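Enquirer: Okay, so here is structure-v2.cif, and as you'll see once you scroll down, it has mmCIF, C-alpha atoms.
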```cif
data_data
loop_
_atom_site.label_atom_id
_atom_site.label_comp_id
_atom_site.auth_asym_id
_atom_site.auth_seq_id
_atom_site.Cartn_x
_atom_site.Cartn_y
_atom_site.Cartn_z
CA MET A 925 -2.67 -35.39 37.66
CA ASN A 926 -3.96 -34.51 34.21
CA ALA A 927 -3.79 -31.25 32.23
CA GLU A 928 -7.40 -30.35 33.06
CA THR A 929 -6.80 -30.19 36.79
CA THR A 930 -3.42 -28.48 36.60
CA ASN A 931 -3.30 -24.77 37.41
CA HIS A 932 -0.09 -24.36 35.43
CA VAL A 933 -0.17 -21.25 33.23
CA GLU A 934 2.06 -21.04 30.17
CA PRO A 935 3.92 -17.73 29.85
CA GLU A 936 2.71 -15.52 27.03
CA VAL A 937 4.93 -15.60 23.99
CA GLU A 938 5.33 -12.53 21.83
CA PRO A 939 4.12 -13.27 18.29
CA GLU A 940 6.77 -13.55 15.63
CA GLY A 941 6.92 -10.96 12.88
CA GLN A 942 4.83 -11.72 9.84
CA GLU A 943 7.08 -12.39 6.84
CA SER A 944 4.36 -12.43 4.22
CA TYR A 945 1.00 -10.80 3.84
CA ILE A 946 -2.13 -12.07 2.12
CA VAL A 947 -3.60 -9.25 0.07
CA THR A 948 -7.26 -8.69 0.97
CA GLU A 949 -8.09 -5.90 -1.47
CA GLY A 950 -8.18 -5.37 -5.21
CA LYS A 951 -7.18 -7.46 -8.20
CA LYS A 952 -4.39 -9.31 -6.36
CA ARG A 953 -6.76 -10.46 -3.58
CA GLY A 954 -5.67 -13.75 -2.06
CA SER A 955 -2.08 -13.58 -3.28
CA THR A 956 0.82 -13.62 -0.87
CA ARG A 957 3.46 -10.89 -0.88
CA ASP A 958 6.57 -10.39 1.23
CA VAL A 959 6.46 -7.27 3.37
CA ARG A 960 8.76 -5.65 5.89
CA PRO A 961 7.99 -6.38 9.56
CA GLU A 962 7.74 -2.60 10.09
CA ALA A 963 4.87 -2.34 7.59
CA ALA A 964 1.93 -1.91 9.91
CA PHE A 965 -1.45 -3.44 9.16
CA ASP A 966 -3.18 -0.74 11.21
CA ARG A 967 -1.58 2.33 9.59
CA TYR A 968 -3.56 3.85 6.76
CA TYR A 969 -2.55 6.24 4.01
CA THR A 970 -4.66 8.08 1.48
CA VAL A 971 -2.91 8.48 -1.88
CA LEU A 972 -3.46 12.15 -2.71
CA ARG A 973 -1.61 12.24 -6.01
CA VAL A 974 0.46 10.05 -8.33
CA HIS A 975 3.05 11.83 -10.48
CA GLY A 976 6.47 11.48 -12.07
CA GLY A 977 8.26 13.48 -9.39
CA ASP A 978 11.09 15.53 -10.87
CA ALA A 979 11.55 13.10 -13.77
CA ILE A 980 11.14 14.39 -17.31
CA LEU A 981 8.32 12.28 -18.75
CA THR A 982 8.06 11.70 -22.47
CA ASN A 983 4.64 12.47 -23.87
CA ASN A 984 3.86 9.18 -25.59
CA TRP A 985 1.14 6.55 -25.51
CA HIS A 986 2.91 4.17 -23.10
CA THR A 987 3.78 6.80 -20.50
CA ASN A 988 0.30 8.31 -20.63
CA GLU A 989 -1.43 4.92 -20.35
CA VAL A 990 0.70 3.78 -17.39
CA LEU A 991 0.27 7.10 -15.57
CA ASP A 992 -3.50 7.10 -16.16
CA HIS A 993 -3.77 3.49 -15.01
CA THR A 994 -1.72 4.15 -11.88
CA ARG A 995 -3.70 7.29 -11.05
CA ASN A 996 -7.03 5.54 -11.59
CA ASN A 997 -6.08 2.70 -9.26
CA PHE A 998 -4.42 4.66 -6.44
CA GLU A 999 -5.39 8.35 -6.33
CA GLY A 1000 -8.00 9.15 -3.74
CA TYR A 1001 -8.04 5.70 -2.18
CA THR A 1002 -7.03 4.85 1.38
CA PHE A 1003 -4.87 1.76 1.85
CA ALA A 1004 -3.31 -0.06 4.77
CA MET A 1005 0.48 0.35 4.81
CA ARG A 1006 0.91 -3.43 4.38
CA THR A 1007 -1.36 -3.44 1.32
CA LEU A 1008 0.63 -0.68 -0.40
CA GLU A 1009 3.87 -2.50 0.30
CA ALA A 1010 2.44 -5.85 -0.78
CA TRP A 1011 1.52 -4.23 -4.09
CA GLY A 1012 5.09 -3.04 -4.52
CA ALA A 1013 5.07 0.52 -3.17
CA MET A 1014 8.11 1.60 -1.16
CA ILE A 1015 7.02 3.96 1.59
CA GLU A 1016 9.71 6.55 2.26
CA ASN A 1017 7.87 8.48 4.99
CA ASP A 1018 4.34 9.45 6.01
CA HIS A 1019 4.00 11.74 2.99
CA ARG A 1020 5.87 9.99 0.16
CA ALA A 1021 5.99 6.55 -1.48
CA TYR A 1022 7.45 5.21 -4.72
CA TYR A 1023 5.75 2.73 -7.02
CA THR A 1024 7.25 1.08 -10.10
CA ALA A 1025 4.92 0.47 -13.04
CA GLY A 1026 5.57 0.29 -16.76
CA GLY A 1027 9.34 0.48 -16.24
CA ARG A 1028 9.07 3.86 -14.50
CA VAL A 1029 9.11 4.96 -10.89
CA TRP A 1030 6.03 6.96 -9.92
CA VAL A 1031 5.80 9.15 -6.84
CA MET A 1032 2.80 8.90 -4.52
CA ASP A 1033 1.94 11.82 -2.29
CA LEU A 1034 0.41 10.36 0.87
CA GLU A 1035 -1.64 11.58 3.78
CA PRO A 1036 -1.77 9.50 6.97
CA CYS A 1037 -5.29 8.79 8.22
CA ALA A 1038 -6.83 6.99 11.17
CA ALA A 1039 -8.82 4.36 9.26
CA LYS A 1040 -10.05 3.25 5.86
CA LYS A 1041 -12.34 5.82 4.25
CA PRO A 1042 -14.20 6.28 0.95
CA ARG A 1043 -12.41 7.49 -2.18
CA LEU A 1044 -11.77 11.24 -2.27
CA PRO A 1045 -14.06 13.19 -4.61
CA GLY A 1046 -12.47 14.54 -7.79
CA THR A 1047 -10.02 11.65 -8.20
CA GLY A 1048 -9.89 8.63 -10.45
CA PRO A 1049 -11.09 8.12 -14.05
CA GLY A 1050 -11.89 11.29 -15.93
CA LYS A 1051 -9.70 13.51 -13.72
CA LYS A 1052 -6.76 15.15 -15.47
#
```
Let me see whether you can do it: turn the structure in this file into structure tokens.
Expert:
Amino acid sequence: MNAETTNHVEPEVEPEGQESYIVTEGKKRGSTRDVRPEAAFDRYYTVLRVHGGDAILTNNWHTNEVLDHTRNNFEGYTFAMRTLEAWGAMIENDHRAYYTAGGRVWVMDLEPCAAKKPRLPGTGPGKK
């Protein structure tokens, strides 16, 4: 009796948790990042605002450049939860994440959404 004529059915095996994630968006496309198993690939968040939280920010060139760069690359965009985490964001809850850039921790105000959508108007370069 060969395998083609056998009616034996293998039991389904639950897939193992993914330990790393290949980034499919942005500058880091194709790189591999470690992510938590809880970081869902089908949960999306729109970054409404990037700010310093309750930190007292010094008004200097470095702080302003890093904040502008972070705002320009995140504000108004919708990302998969796994992508945000692969890029280094730590998602606290459905409305808040933390991202370290330029030696500072920046706060991201999030809004959960059903799917990827275009960038929000009034965000990005030129917005103050």
Enquirer: Run the PyMOL selection byres ((chain A and resi 1033) around 7) against the file shown and list the residues it catches, as a list in words.
Expert: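 The output of the PyMOL selection byres ((chain A and resi 1033) around 7) on this file is Val971, Leu972, Arg973, Val974, His1019, Arg1020, Ala1021, Val1031, Met1032 and Leu1034 of chain A.
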Enquirer: Write out the residues from the selection above, keeping C-alpha atoms, as an mmCIF file, in the frame of the given file.
Expert:
```cif
data_model
loop_
_atom_site.group_PDB
_atom_site.id
_atom_site.type_symbol
_atom_site.label_atom_id
_atom_site.label_comp_id
_atom_site.auth_asym_id
_atom_site.auth_seq_id
_atom_site.Cartn_x
_atom_site.Cartn_y
_atom_site.Cartn_z
ATOM 1 C CA VAL A 971 -2.910 8.480 -1.880
ATOM 2 C CA LEU A 972 -3.460 12.150 -2.710
ATOM 3 C CA ARG A 973 -1.610 12.240 -6.010
ATOM 4 C CA VAL A 974 0.460 10.050 -8.330
ATOM 5 C CA HIS A 1019 4.000 11.740 2.990
ATOM 6 C CA ARG A 1020 5.870 9.990 0.160
ATOM 7 C CA ALA A 1021 5.990 6.550 -1.480
ATOM 8 C CA VAL A 1031 5.800 9.150 -6.840
ATOM 9 C CA MET A 1032 2.800 8.900 -4.520
ATOM 10 C CA LEU A 1034 0.410 10.360 0.870
#
```
Enquirer: Taking only C-alpha atoms into account, which of A:Ala1010, A:Val990, A:Ala1004, A:Ile1015 comes nearest Thr970 in chain A?
Expert: A:Ala1004
Enquirer: Which is closer to Thr1024 in chain A than all the others in A:Leu1044, A:Leu991, A:Ala1039, A:Ile980, using all atoms listed in the file?
Expert: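 Under the stated criterion, the closest residue is A:Leu991.
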Enquirer: Which neighbours of range 992-994 of chain A fall inside 12 Å, counting only C-alpha atoms, when residues of the same chain fewer than 6 positions from it are skipped, and could you give them as a list in words?
Expert: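 The residues satisfying every condition are Val971, Arg973, Val974, His975, Gly976, Trp985, His986, Gly1000, Tyr1001, Trp1011, Ala1013, Tyr1022, Tyr1023, Thr1024, Ala1025, Gly1026, Arg1028, Val1029, Trp1030, Val1031, Met1032, Thr1047, Gly1048, Pro1049, Gly1050, Lys1051 and Lys1052 of chain A.
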Enquirer: Which residues would end up in the selection if the PyMOL selection byres ((chain A and resi 969) around 6) were applied here, given that I need the answer as JSON, numbers by chain?
Expert: {"A": [968, 970, 1002, 1003, 1034, 1035, 1036, 1037]}
Enquirer: Quick check, in Å to one decimal: how far apart do CA of Asp966 in chain A and CA of Arg1006 in chain A lie?
Expert: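 Computed distance, CA of Asp966 in chain A to CA of Arg1006 in chain A, equals 8.4 Å.
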Enquirer: Any idea what the distance is between CA of Glu1009 in chain A and CA of Pro1045 in chain A?
Expert: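 These two atoms are separated by 24.3 Å.
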Enquirer: One number please: CA of Glu989 in chain A to CA of Gly1027 in chain A, in Å, one decimal.
Expert: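 Between these atoms lies a distance of 12.4 Å.
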